[in-house]
Amino acid sequence: MADKKLNIQNMIFKLEQFWSSKGCMIMPSYDVEKGAGTMSPYTFLRAVGPEPWAACYVEPSRRPADGRYGENPNRLFQHHQFQVVIKPAPKDIQQYYLDSLKVLGIDPLEHDIRFVEDNWANPSMGCAGVGWEVWLDGMEVSQFTYFQVVGELDVKPTMSEITYGVERLASYIQDVNSVFDLEWGNGVLYRDIFKQPEYEHSKYAFEESNQEQLLKFFDIYEDTAKRLLSQNLVHPAYDYILKCSHTFNLLDARGAVSVTERAGYLSRIRNLAHEVAVKFVEEREKRGFPLLKNAEDKKAGVENG
Amino acid sequence: MAKDYLFEIGTEEMPAHVVTRSVNQLADRTRKFLKENGLSFKDIKTYSTPRRLTILVEDLAEKQDDIDEVKKGPAKKIAQDADGNWTKAAQGFARGQGMTTDDIYFEELKGTEYAYVHVQKEGKKANDILLGMSEIIKAMTFPTKMRWDSNDFEFVRPIHWLVSLFGNDVIPVKILDITAGRKTQGHRFLGDSVVLASADDYVDALKDQFVIVDAKERKDMIVNQMKELVDKNNWQIKEDKNLLEEVTNLVEYSTVFAGSFDEKYLQIPDEVLITSMKDNQRYFEVYDQDGKLINHFIAVRNGNKNFLDNVISGNEKVLVARLDDAQFFYDEDRKYPLSHFVDKMKNVSFHDKIGSMAEKMKRVQIIGDYLAKRWNLPENVVADFDRASELYKFDLVTQMVGEFAELQGGMGMHYARLAGENEEVAVAIKEHYMPVTAEGALPETTVGSLLSVADKLDTIITFFGAGMIPSSSNDPYALRRYAYGIVRILLNEKWSLPFNAVLPEIVSLIDGKTPAKLPKQGEEDEQIALFIRDRIKQYLQKNNFKYDIIDAVLASSQQDPSQILAVANVLQEHHDDAEFKPVVESLTRIDNILKKAKFKGQVEVDESLFDDNSENELYAGVQNLQAVEDLADLYQGFVQLQPVIDQYFDTNMIMAKDEKVKNNRLAQLSSVSQLADRLGDLSQLVIK
């Protein structure tokens with residue numbers, strides 16, 4: 001265990017610093033509701049096409065069905081992910097990851113760290129990857145994936161994605177049994193910030209949400225996404241796809257979606273996800289894949305200098 | 001001179017379940033490759049960890065054998081045309097030997113001149129052939145493969161290094177940008193990289209770097225450490241080969257440790273605790289000397305004993321978090337009566353094209369009631385079945401099964417007991433899933449067996465009705481396993497079910513009760529009967545019945561699995577008896593005559609038309625046998641009757657001139673034939 005207990009914001013600083021030193025940009029959280037860091041455009045859209053990309057960011061991730069009114073010590077309506085994506089995946093990415101744990105005071109020699117098979121898939125977004133969940137003394141603290149398919153497009157070159165479960169890792173580092181006992185920063189506890197929203201969001205998701213309204217929202221968001229896609233407005237279209245996904249999750253938490261309907265909704269989202277991925281690559285190509293050009297210029301600069 | 005050849009593929013962590021079979025695959029492919037290339041060797045040893053697949057080829061020859069042979073080709077007059085030009089035949093002959101026509105010379109053999117070549121070839125060196133190991137890597141298959149970097153090449157996980165040593169020499173096999181050398185990697189955290197002087201250093205050099213490359217040795221290490229802990233604490237653990245195998249392939253170096261959790265969690269059902277420990281965390285659950293589950297667990301660390309306390313307390317913390325969750329689900333589920341969950345069954349889809357789970361349960365009740373009546377099951381069984389069929393899928397919508405899908409049935413039983421349902425009902429809820437594998441355990445209770453058969457029958461009937469009929473290669477809903485389960489349960493309970501007669505009745509009973517599409521009479525229902533017949537065949541094959549007996553019993557009109565099995569048993573039992581052959585021959589002779597005469601008349605035999613005593617005797621014999629129910633007795637009856645039949649043939653002209661007499665005799669034979677049909681289609685038997 002780390003000698004001095006690292007609070008959450010210092011933990012995030014350290015991770016940002018570490019990954020910045022490995023060439024990642026530090027991006028802000030993306031401002032549309034989503035279920036996971038993967039769904040940020042900084043991962044989903046940047047995974048497709050030939051352009052290189054390296055970024056890290058904290059992403060609040062909403063999982064309405066996991067809400068427990070703030071009463072369960074480990075399950076949350078909204079948790080936080082620290083997301084690192086690098087394309088092409090560096091050869092030593094596993095070692096980088098282990099080094100990042102050392103930065104957090106977790107010395108592999110003092111723990112049991114394992115890479116346990118977990119091939120990640122998000123069928124509703126047409127995504128699949130190969131990788132592991134990383135176990136720290138039996139606790140899954142990160143998800144480590146080599147993306148193979150995103151939006152039903154082959155990811156080439158391959159992108160590596162590392163997702164740290166911020167609360168999980170912090171509970172380990174701060175040695176608390178409930179996430180609500182975590183220190184976020186400057187002496188302020190997690191409970192003081194998130195206990196009330198956890199209760200309120202759970203109350204909303206399980207009791208107060210209006211199913212008919214949500215069903216309407218879903219249709220409207222879907223229509224809007226389609227319309228925007230037809231106008232090649234990739235990024236606003238993607239925002240509405242995220243809204244579809246979140247609305248579906250709210251419906252699902254309410255138990256409003258039967259097994260049969262579920263498949264229908266997921267396939268509607270998947271179709272949009274595929275289309276937006278295709279459109280994104282087309283639009284980038286029209287612009288000459290700017291990041292690819294940057295990388296080549298940089299490389300040429302190094303070789304000539 | 002022969003030397004050992006070491007080949008190691010170093011990767012990122014492979015899934016535990018692919019490690020063993022992949023290293024075996026590597027060995028098999030290498031064996032084939034070396035044989036095809038004419039390189040002799042003694043044996044191939046395999047080593048594997050999550051990060052490496054390794055083979056050691058023992059005593060591999062350094063080169064192929066040299067070739068020094070004279071090969072004879074076509075005669076000269078075929079090898080050359082009139083002008084002395086080489087023919088196609090000659091060119092082909094030379095090419096086939098790896099030579100040209102310039103190498104051909106002629107020699108006389110028994111007065112004819114033939115073309116010859118003298119083939120002299122030095123065997124290729126192993127050093128050159130072994131470079132082809134890269135092709136073996138490329139050919140390997142895995143359940144899931146992946147790309148990395150910008151390559152199209154796929155492997156189970158990214159490859160980081162290759163070791164390829166023939167004795168002391170590096171064979172520089174290449175794959176992507178990696179060239180094999182003599183450097184291998186030790187334990188990810190405890191070890192360093194090592195440079196190997198020779199192939200034979202491999203095992204020991206890696207042991208120094210905290211990698212036990214011999215999977216068997218690693219497994220033994222785990223077993224011994226576990227035994228030590230268990231003995232010290234006076235505990236018991238249950239053998240679990242799969243988990244042990246998995247754990248062995250999750251570590252390169254092992255330290256076994258024990259952890260514990262608060263006793264308060266022991267009130268959660270055992271199945272839930274075990275699933276939390278075993279399936280989610282790969283822990284072994286622990287029992288006391290009385291076999292009671294206790295608040296400890298055993299796990300394996302990929303490392304040594306240093307800082308083991310950290311590891312233990314971390315693992316305990318994780319488990320407690322899981323158990324808190326389980327406790328939450330358990331408490332939540334128990335807040336509601338069973339009816340709360342049953343009501344939700346109408347929103348749970350059984351299958352898009354068929355309908356809801358509530359509808360399925362309704363059909364299953366009708367089917368089960370029908371079967372119970374058929375089998376004269378006692379009233380209390382019927383009452384318990386009816387209750388169970390109202391409930392039995394309810395646990396699918398409990399939170400616990402939502403979280404731990406593998407607990408379906410088991411949780412239902414548990415919650416039904418808590419709700420005060422009677423024991424038969426509770427157990428049937430669990431047992432209706434059985435057998436869960438083809439040869440898995442069968443339900444032990446009558447109610448469970450009935451529910452299982454009714455549930456599976458409904459599934460098969462409605463899937464066939466909706467046109468989702470399994471093909472030989474594709475059976476996504478495991479209908480074969482269900483049908484096989486039905487057959488096994490029927491046989492186990494000695495329940496008779498002639499499918500051809502019963503299916504239309506069942507279909508008409510459930511017709512219109514739910515919106516599901518049902519099999520059409522004379523079409524899908526006959527397909528179902530054939531489908532089930534194939535499962536009976538599978539059962540007989542599995543139980544080592546002779547193939548001709550299987551053909552004989554399945555070719556009869558009998559469709560009741562119990563009867564078919566009974567016939568097969570009788571035939572198998574007497575197959576090698578002295579009387580078997582004459583009995584079968586007599587009976588098939590009758591069938592052949594009937595077939596030849598194309599007799600389809602009625603079977604009423606008119607005694608007044610008899611004019612020989614043998615006719616009376618046969619008539620009396622058949623009358624006696626018609627009353628016999630037991631098939632073994634029936635067979636014995638035929639043994640007695642066989643001389644009578646032969647006598648009958650000897651003294652009577654079957655195809656008599658008098659049409660009336662002829663038909664009467666055919667009718668008499670037909671009555672024997674109908675009796676014999678109960679023993680299957682005897683013409684299928686191979687009689688020696």
# chains A, B, ... in the order shown; residues from 1 in each chain; ligands from 1
>>> interface_residues(of="chain A", to="chain B", cutoff="9 Å", atoms="only C-alpha atoms", output="PyMOL selection string")
chain A and resi 1+72-75+87-91+94+108-119+129-132+136-140+146-148+156-159+172+177-178+257-260
>>> write_last_selection(atoms="N, CA and C atoms", output="short mmCIF file (atom, residue, chain, number, x, y, z; two decimals), in the first residue's frame")
data_model
loop_
_atom_site.label_atom_id
_atom_site.label_comp_id
_atom_site.auth_asym_id
_atom_site.auth_seq_id
_atom_site.Cartn_x
_atom_site.Cartn_y
_atom_site.Cartn_z
N MET A 1 0.84 -1.20 0.00
CA MET A 1 0.00 0.00 0.00
C MET A 1 0.88 1.25 0.00
N ASN A 72 -25.19 1.41 -1.81
CA ASN A 72 -24.23 0.32 -2.00
C ASN A 72 -22.82 0.92 -2.02
N PRO A 73 -21.88 0.32 -1.28
CA PRO A 73 -20.55 0.92 -1.16
C PRO A 73 -19.75 0.93 -2.46
N ASN A 74 -20.16 0.11 -3.45
CA ASN A 74 -19.34 0.00 -4.65
C ASN A 74 -20.08 0.20 -5.97
N ARG A 75 -21.40 0.32 -5.90
CA ARG A 75 -22.14 0.46 -7.17
C ARG A 75 -22.67 1.87 -7.30
N LYS A 87 -3.03 5.40 -30.65
CA LYS A 87 -3.05 4.73 -31.95
C LYS A 87 -1.93 5.27 -32.81
N PRO A 88 -1.07 4.43 -33.37
CA PRO A 88 -1.05 2.98 -33.18
C PRO A 88 -0.59 2.62 -31.77
N ALA A 89 -1.05 1.46 -31.29
CA ALA A 89 -0.70 1.03 -29.94
C ALA A 89 0.81 0.84 -29.83
N PRO A 90 1.45 1.48 -28.84
CA PRO A 90 2.90 1.28 -28.68
C PRO A 90 3.20 -0.18 -28.35
N LYS A 91 4.33 -0.63 -28.81
CA LYS A 91 4.74 -2.01 -28.56
C LYS A 91 4.82 -2.29 -27.05
N GLN A 94 1.90 -2.37 -22.45
CA GLN A 94 1.68 -3.07 -21.17
C GLN A 94 2.64 -2.55 -20.10
N PRO A 108 4.49 -3.48 -8.35
CA PRO A 108 4.05 -4.85 -8.69
C PRO A 108 4.67 -5.91 -7.79
N LEU A 109 5.84 -5.65 -7.23
CA LEU A 109 6.47 -6.65 -6.38
C LEU A 109 5.77 -6.79 -5.04
N GLU A 110 4.98 -5.77 -4.69
CA GLU A 110 4.27 -5.82 -3.41
C GLU A 110 2.82 -6.26 -3.57
N HIS A 111 2.44 -6.61 -4.81
CA HIS A 111 1.04 -6.97 -5.08
C HIS A 111 1.00 -8.15 -6.04
N ASP A 112 -0.23 -8.49 -6.40
CA ASP A 112 -0.42 -9.53 -7.40
C ASP A 112 -1.15 -8.88 -8.57
N ILE A 113 -0.43 -8.65 -9.64
CA ILE A 113 -1.03 -8.00 -10.80
C ILE A 113 -1.17 -9.01 -11.92
N ARG A 114 -2.37 -9.11 -12.47
CA ARG A 114 -2.63 -10.12 -13.49
C ARG A 114 -3.33 -9.50 -14.68
N PHE A 115 -3.04 -10.06 -15.82
CA PHE A 115 -3.79 -9.70 -17.02
C PHE A 115 -4.71 -10.88 -17.32
N VAL A 116 -6.00 -10.72 -17.02
CA VAL A 116 -6.94 -11.82 -17.17
C VAL A 116 -7.81 -11.57 -18.40
N GLU A 117 -7.85 -12.57 -19.26
CA GLU A 117 -8.58 -12.42 -20.53
C GLU A 117 -9.95 -11.77 -20.35
N ASP A 118 -10.20 -10.76 -21.14
CA ASP A 118 -11.54 -10.19 -21.18
C ASP A 118 -11.68 -9.48 -22.51
N ASN A 119 -12.29 -10.14 -23.44
CA ASN A 119 -12.44 -9.55 -24.76
C ASN A 119 -13.65 -8.65 -24.75
N GLY A 129 -13.04 -5.72 -29.19
CA GLY A 129 -11.59 -5.65 -29.01
C GLY A 129 -11.11 -6.87 -28.26
N VAL A 130 -9.79 -7.02 -28.22
CA VAL A 130 -9.20 -8.16 -27.54
C VAL A 130 -8.32 -7.62 -26.42
N GLY A 131 -8.40 -8.22 -25.27
CA GLY A 131 -7.54 -7.72 -24.19
C GLY A 131 -7.80 -8.39 -22.86
N TRP A 132 -7.68 -7.60 -21.83
CA TRP A 132 -7.74 -8.14 -20.47
C TRP A 132 -8.48 -7.20 -19.54
N LEU A 136 -5.69 -6.25 -9.65
CA LEU A 136 -4.74 -5.86 -8.63
C LEU A 136 -5.19 -6.56 -7.36
N ASP A 137 -4.44 -7.53 -6.92
CA ASP A 137 -4.82 -8.35 -5.77
C ASP A 137 -6.27 -8.81 -5.88
N GLY A 138 -6.63 -9.29 -7.05
CA GLY A 138 -7.97 -9.85 -7.23
C GLY A 138 -9.01 -8.83 -7.64
N MET A 139 -8.68 -7.55 -7.60
CA MET A 139 -9.68 -6.54 -7.96
C MET A 139 -9.44 -6.04 -9.37
N GLU A 140 -10.52 -6.00 -10.13
CA GLU A 140 -10.39 -5.48 -11.49
C GLU A 140 -10.25 -3.97 -11.39
N TYR A 146 -7.10 -3.97 -27.05
CA TYR A 146 -6.64 -3.60 -28.38
C TYR A 146 -7.88 -3.58 -29.27
N PHE A 147 -8.31 -2.41 -29.67
CA PHE A 147 -9.49 -2.31 -30.52
C PHE A 147 -9.27 -3.02 -31.84
N GLN A 148 -10.24 -3.83 -32.22
CA GLN A 148 -10.17 -4.49 -33.53
C GLN A 148 -11.24 -3.91 -34.46
N LYS A 156 -7.51 0.12 -37.87
CA LYS A 156 -6.19 -0.12 -38.43
C LYS A 156 -5.51 1.19 -38.71
N PRO A 157 -4.37 1.50 -38.12
CA PRO A 157 -3.65 0.65 -37.16
C PRO A 157 -4.46 0.45 -35.87
N THR A 158 -4.07 -0.57 -35.13
CA THR A 158 -4.78 -0.90 -33.90
C THR A 158 -4.61 0.19 -32.85
N MET A 159 -5.70 0.47 -32.14
CA MET A 159 -5.63 1.45 -31.05
C MET A 159 -5.65 0.69 -29.73
N TYR A 172 -8.72 1.25 -3.45
CA TYR A 172 -7.58 0.42 -3.12
C TYR A 172 -6.47 1.27 -2.51
N ASN A 177 -13.49 0.93 2.37
CA ASN A 177 -14.41 -0.12 1.94
C ASN A 177 -15.61 0.43 1.19
N SER A 178 -15.80 1.73 1.32
CA SER A 178 -16.93 2.33 0.60
C SER A 178 -16.39 3.49 -0.22
N VAL A 257 -38.01 -1.99 -21.26
CA VAL A 257 -37.68 -2.59 -22.55
C VAL A 257 -37.72 -4.10 -22.43
N SER A 258 -38.57 -4.75 -23.20
CA SER A 258 -38.61 -6.21 -23.14
C SER A 258 -37.41 -6.76 -23.88
N VAL A 259 -37.15 -8.05 -23.65
CA VAL A 259 -35.96 -8.67 -24.25
C VAL A 259 -35.98 -8.50 -25.77
N THR A 260 -37.17 -8.69 -26.33
CA THR A 260 -37.30 -8.60 -27.78
C THR A 260 -37.04 -7.18 -28.26
#
>>> atom_distance(atom1="atom CA of B:Asn233", atom2="atom CA of B:Gln289")
10.2 Å
>>> select_by_dssp(residues="stretch 255-502 of chain B", states="alpha helix (DSSP H)", output="PyMOL selection string")
chain B and resi 270-275+281+308-333+338-344+357-374+379-391+399-403+410-418+423-431+446-465+479-493+499-502
>>> write_last_selection(atoms="C-alpha atoms", output="CSV table (one decimal), in the first residue's frame")
chain,number,residue,atom,x,y,z
B,270,ASP,CA,-24.0,-21.5,-0.8
B,271,GLU,CA,-24.4,-21.6,-4.5
B,272,VAL,CA,-24.1,-17.8,-4.6
B,273,LEU,CA,-21.1,-17.8,-2.4
B,274,ILE,CA,-19.4,-20.4,-4.5
B,275,THR,CA,-20.2,-18.6,-7.7
B,281,GLN,CA,-12.4,-14.6,-8.6
B,308,LEU,CA,1.7,-11.6,0.7
B,309,ASP,CA,-0.4,-9.8,3.4
B,310,ASN,CA,-1.1,-7.0,0.9
B,311,VAL,CA,-2.3,-9.6,-1.6
B,312,ILE,CA,-4.5,-11.4,1.0
B,313,SER,CA,-6.1,-8.2,2.3
B,314,GLY,CA,-6.7,-6.9,-1.3
B,315,ASN,CA,-8.4,-10.2,-2.3
B,316,GLU,CA,-10.5,-10.2,0.9
B,317,LYS,CA,-11.7,-6.7,0.1
B,318,VAL,CA,-12.7,-7.6,-3.4
B,319,LEU,CA,-14.7,-10.6,-2.3
B,320,VAL,CA,-16.5,-8.6,0.4
B,321,ALA,CA,-17.5,-6.1,-2.2
B,322,ARG,CA,-19.0,-8.9,-4.3
B,323,LEU,CA,-20.7,-10.5,-1.3
B,324,ASP,CA,-22.2,-7.1,-0.4
B,325,ASP,CA,-23.7,-7.0,-3.9
B,326,ALA,CA,-25.0,-10.6,-3.6
B,327,GLN,CA,-26.5,-9.7,-0.2
B,328,PHE,CA,-28.2,-6.7,-1.8
B,329,PHE,CA,-29.7,-8.8,-4.5
B,330,TYR,CA,-30.7,-11.5,-2.1
B,331,ASP,CA,-32.4,-9.0,0.2
B,332,GLU,CA,-34.1,-7.2,-2.7
B,333,ASP,CA,-35.5,-10.5,-4.2
B,338,LEU,CA,-43.1,-15.2,-6.0
B,339,SER,CA,-46.2,-13.9,-7.8
B,340,HIS,CA,-44.4,-10.5,-8.3
B,341,PHE,CA,-41.8,-12.3,-10.5
B,342,VAL,CA,-44.3,-14.7,-12.1
B,343,ASP,CA,-46.3,-11.6,-13.3
B,344,LYS,CA,-43.3,-10.4,-15.1
B,357,MET,CA,-42.2,-17.0,-21.2
B,358,ALA,CA,-45.7,-16.8,-19.7
B,359,GLU,CA,-47.2,-18.3,-22.8
B,360,LYS,CA,-44.6,-21.0,-22.8
B,361,MET,CA,-45.4,-21.9,-19.2
B,362,LYS,CA,-49.0,-22.2,-20.0
B,363,ARG,CA,-48.3,-24.6,-22.9
B,364,VAL,CA,-45.9,-26.6,-20.7
B,365,GLN,CA,-48.7,-27.1,-18.1
B,366,ILE,CA,-51.0,-28.5,-20.7
B,367,ILE,CA,-48.4,-30.8,-22.1
B,368,GLY,CA,-47.4,-32.1,-18.7
B,369,ASP,CA,-51.0,-32.7,-17.6
B,370,TYR,CA,-51.5,-34.7,-20.8
B,371,LEU,CA,-48.3,-36.8,-20.2
B,372,ALA,CA,-49.2,-37.3,-16.5
B,373,LYS,CA,-52.6,-38.7,-17.5
B,374,ARG,CA,-50.9,-41.0,-20.1
B,379,GLU,CA,-52.7,-37.1,-8.1
B,380,ASN,CA,-50.1,-35.5,-5.8
B,381,VAL,CA,-47.5,-35.5,-8.6
B,382,VAL,CA,-49.9,-33.8,-10.9
B,383,ALA,CA,-50.8,-31.2,-8.3
B,384,ASP,CA,-47.1,-30.5,-7.7
B,385,PHE,CA,-46.4,-30.4,-11.4
B,386,ASP,CA,-49.2,-27.9,-11.9
B,387,ARG,CA,-47.9,-25.6,-9.2
B,388,ALA,CA,-44.3,-25.9,-10.5
B,389,SER,CA,-45.4,-25.2,-14.1
B,390,GLU,CA,-47.0,-21.9,-12.9
B,391,LEU,CA,-43.7,-20.8,-11.3
B,399,GLN,CA,-31.9,-9.7,-9.4
B,400,MET,CA,-29.7,-12.6,-8.3
B,401,VAL,CA,-30.1,-14.5,-11.6
B,402,GLY,CA,-29.8,-11.2,-13.5
B,403,GLU,CA,-26.3,-10.9,-11.9
B,410,GLY,CA,-30.9,-23.1,-8.4
B,411,MET,CA,-32.0,-19.7,-7.2
B,412,GLY,CA,-35.6,-20.5,-8.2
B,413,MET,CA,-35.5,-23.6,-6.0
B,414,HIS,CA,-34.0,-21.6,-3.1
B,415,TYR,CA,-36.6,-18.8,-3.3
B,416,ALA,CA,-39.5,-21.3,-3.8
B,417,ARG,CA,-38.4,-23.0,-0.6
B,418,LEU,CA,-38.2,-19.7,1.3
B,423,GLU,CA,-40.2,-29.4,-1.6
B,424,GLU,CA,-41.2,-31.3,-4.8
B,425,VAL,CA,-42.2,-28.1,-6.4
B,426,ALA,CA,-39.0,-26.3,-5.4
B,427,VAL,CA,-36.8,-29.1,-6.6
B,428,ALA,CA,-38.6,-29.4,-9.9
B,429,ILE,CA,-37.9,-25.8,-10.6
B,430,LYS,CA,-34.2,-26.6,-10.4
B,431,GLU,CA,-34.4,-29.9,-12.1
B,446,THR,CA,-40.8,-37.5,-10.8
B,447,VAL,CA,-42.1,-34.0,-10.8
B,448,GLY,CA,-38.8,-32.7,-12.0
B,449,SER,CA,-38.6,-35.3,-14.8
B,450,LEU,CA,-42.1,-34.5,-15.9
B,451,LEU,CA,-41.5,-30.7,-16.0
B,452,SER,CA,-38.2,-31.2,-17.8
B,453,VAL,CA,-39.8,-33.4,-20.5
B,454,ALA,CA,-42.8,-31.1,-20.9
B,455,ASP,CA,-40.6,-28.0,-21.1
B,456,LYS,CA,-38.2,-29.5,-23.6
B,457,LEU,CA,-41.0,-30.9,-25.7
B,458,ASP,CA,-42.7,-27.5,-25.9
B,459,THR,CA,-39.4,-26.0,-27.0
B,460,ILE,CA,-38.9,-28.5,-29.8
B,461,ILE,CA,-42.5,-28.3,-30.9
B,462,THR,CA,-42.6,-24.5,-31.0
B,463,PHE,CA,-39.2,-24.1,-32.7
B,464,PHE,CA,-40.1,-26.6,-35.4
B,465,GLY,CA,-43.5,-24.9,-35.7
B,479,LEU,CA,-32.6,-28.6,-29.7
B,480,ARG,CA,-30.6,-31.8,-30.1
B,481,ARG,CA,-29.5,-31.7,-26.5
B,482,TYR,CA,-33.1,-31.1,-25.4
B,483,ALA,CA,-34.4,-34.0,-27.5
B,484,TYR,CA,-31.6,-36.3,-26.2
B,485,GLY,CA,-32.5,-35.2,-22.7
B,486,ILE,CA,-36.1,-36.2,-23.3
B,487,VAL,CA,-35.0,-39.6,-24.5
B,488,ARG,CA,-32.8,-40.2,-21.5
B,489,ILE,CA,-35.5,-39.1,-19.0
B,490,LEU,CA,-38.2,-41.3,-20.7
B,491,LEU,CA,-35.9,-44.3,-20.5
B,492,ASN,CA,-34.8,-43.5,-16.9
B,493,GLU,CA,-38.4,-43.1,-15.7
B,499,PHE,CA,-43.9,-40.0,-30.7
B,500,ASN,CA,-45.8,-40.6,-33.9
B,501,ALA,CA,-49.1,-41.1,-32.1
B,502,VAL,CA,-48.5,-38.6,-29.3
>>> select_by_dssp(residues="stretch 56-303 of chain A", states="strand (DSSP E)", output="JSON, numbers by chain")
{"A": [56, 57, 58, 59, 60, 61, 62, 78, 79, 80, 81, 82, 83, 84, 85, 86, 87, 113, 114, 115, 116, 117, 121, 122, 127, 128, 129, 130, 131, 132, 133, 134, 135, 136, 139, 140, 141, 142, 143, 144, 145, 146, 147, 148, 149, 150, 153, 154, 155, 156, 157, 158, 159, 160, 161, 162, 163, 164, 165, 183, 184, 185, 188, 189]}
>>> residues_around(residues="A:Trp53", least_positions_apart="2", cutoff="10 Å", atoms="only C-alpha atoms", output="mmCIF file with C-alpha atoms, in the first residue's frame")
data_model
loop_
_atom_site.group_PDB
_atom_site.id
_atom_site.type_symbol
_atom_site.label_atom_id
_atom_site.label_comp_id
_atom_site.auth_asym_id
_atom_site.auth_seq_id
_atom_site.Cartn_x
_atom_site.Cartn_y
_atom_site.Cartn_z
ATOM 1 C CA GLY A 23 2.814 11.616 -25.722
ATOM 2 C CA CYS A 24 -0.849 11.816 -24.793
ATOM 3 C CA MET A 25 -2.884 14.976 -24.993
ATOM 4 C CA TYR A 42 -12.023 11.237 -28.375
ATOM 5 C CA THR A 43 -12.066 7.477 -28.435
ATOM 6 C CA ARG A 46 -10.635 8.797 -33.306
ATOM 7 C CA ALA A 47 -10.351 5.016 -33.349
ATOM 8 C CA PRO A 50 -5.702 5.969 -40.493
ATOM 9 C CA GLU A 51 -4.845 8.998 -38.358
ATOM 10 C CA ALA A 55 -5.134 11.184 -25.603
ATOM 11 C CA VAL A 85 -6.118 5.794 -25.992
ATOM 12 C CA ILE A 86 -3.076 5.551 -28.262
ATOM 13 C CA LYS A 87 -3.054 4.728 -31.951
ATOM 14 C CA PRO A 88 -1.047 2.977 -33.178
ATOM 15 C CA ALA A 89 -0.699 1.031 -29.938
ATOM 16 C CA MET A 159 -5.629 1.449 -31.051
ATOM 17 C CA LEU A 291 -3.169 14.275 -38.154
ATOM 18 C CA LEU A 292 -1.597 11.782 -40.495
ATOM 19 C CA ALA A 295 2.795 12.833 -37.957
#
>>> residues_around(residues="stretch 273-276 of chain A", least_positions_apart="5", cutoff="10 Å", atoms="only C-alpha atoms", output="number ranges by chain")
A: 44-45, 124-127, 150-153, 225-226, 228-230, 232-235, 237-238, 241-242, 267-268, 281-282
>>> atom_distance(atom1="atom CA of B:Lys72", atom2="atom CA of B:Tyr114")
7.0 Å
>>> residues_around(residues="B:Gly621", least_positions_apart="6", cutoff="10 Å", atoms="only C-alpha atoms", output="ChimeraX atom specification")
/B:615,637-638,640-641,644-645,672
>>> write_last_selection(atoms="N, CA and C atoms", output="PDB file, in the first residue's frame")
ATOM      1  N   GLU B 615     -50.802 -76.047 -39.836  1.00  0.00           N
ATOM      2  CA  GLU B 615     -51.509 -74.763 -39.854  1.00  0.00           C
ATOM      3  C   GLU B 615     -52.188 -74.513 -38.519  1.00  0.00           C
ATOM      4  N   GLY B 637     -40.797 -67.086 -27.057  1.00  0.00           N
ATOM      5  CA  GLY B 637     -41.931 -67.662 -27.760  1.00  0.00           C
ATOM      6  C   GLY B 637     -41.578 -67.973 -29.200  1.00  0.00           C
ATOM      7  N   PHE B 638     -40.854 -67.044 -29.837  1.00  0.00           N
ATOM      8  CA  PHE B 638     -40.445 -67.281 -31.225  1.00  0.00           C
ATOM      9  C   PHE B 638     -39.438 -68.427 -31.319  1.00  0.00           C
ATOM     10  N   GLN B 640     -39.537 -71.042 -29.499  1.00  0.00           N
ATOM     11  CA  GLN B 640     -40.394 -72.235 -29.463  1.00  0.00           C
ATOM     12  C   GLN B 640     -41.105 -72.438 -30.803  1.00  0.00           C
ATOM     13  N   LEU B 641     -41.512 -71.298 -31.376  1.00  0.00           N
ATOM     14  CA  LEU B 641     -42.358 -71.362 -32.559  1.00  0.00           C
ATOM     15  C   LEU B 641     -41.563 -71.695 -33.828  1.00  0.00           C
ATOM     16  N   VAL B 644     -42.083 -74.892 -35.586  1.00  0.00           N
ATOM     17  CA  VAL B 644     -43.449 -74.940 -36.102  1.00  0.00           C
ATOM     18  C   VAL B 644     -43.515 -74.201 -37.441  1.00  0.00           C
ATOM     19  N   ILE B 645     -42.867 -73.029 -37.478  1.00  0.00           N
ATOM     20  CA  ILE B 645     -42.859 -72.238 -38.719  1.00  0.00           C
ATOM     21  C   ILE B 645     -42.186 -73.034 -39.833  1.00  0.00           C
ATOM     22  N   VAL B 672     -48.036 -63.567 -38.062  1.00  0.00           N
ATOM     23  CA  VAL B 672     -46.718 -63.814 -37.441  1.00  0.00           C
ATOM     24  C   VAL B 672     -45.828 -62.585 -37.633  1.00  0.00           C
TER      25      VAL B 672
END
>>> atom_distance(atom1="atom CA of A:Lys34", atom2="atom CA of A:Gly187")
28.5 Å
>>> residues_around(residues="A:Glu198", least_positions_apart="6", cutoff="9 Å", atoms="only C-alpha atoms", output="MDAnalysis selection string")
chainID A and resid 67:71 76:78
>>> closest_residue(among="A:Ile93, A:Thr38, A:Pro64, A:Ile106", to="A:Trp120", atoms="only C-alpha atoms")
A:Thr38
>>> closest_residue(among="B:Lys71, B:Lys88, B:Lys600, B:Arg29", to="B:Glu107", atoms="only C-alpha atoms")
B:Lys71
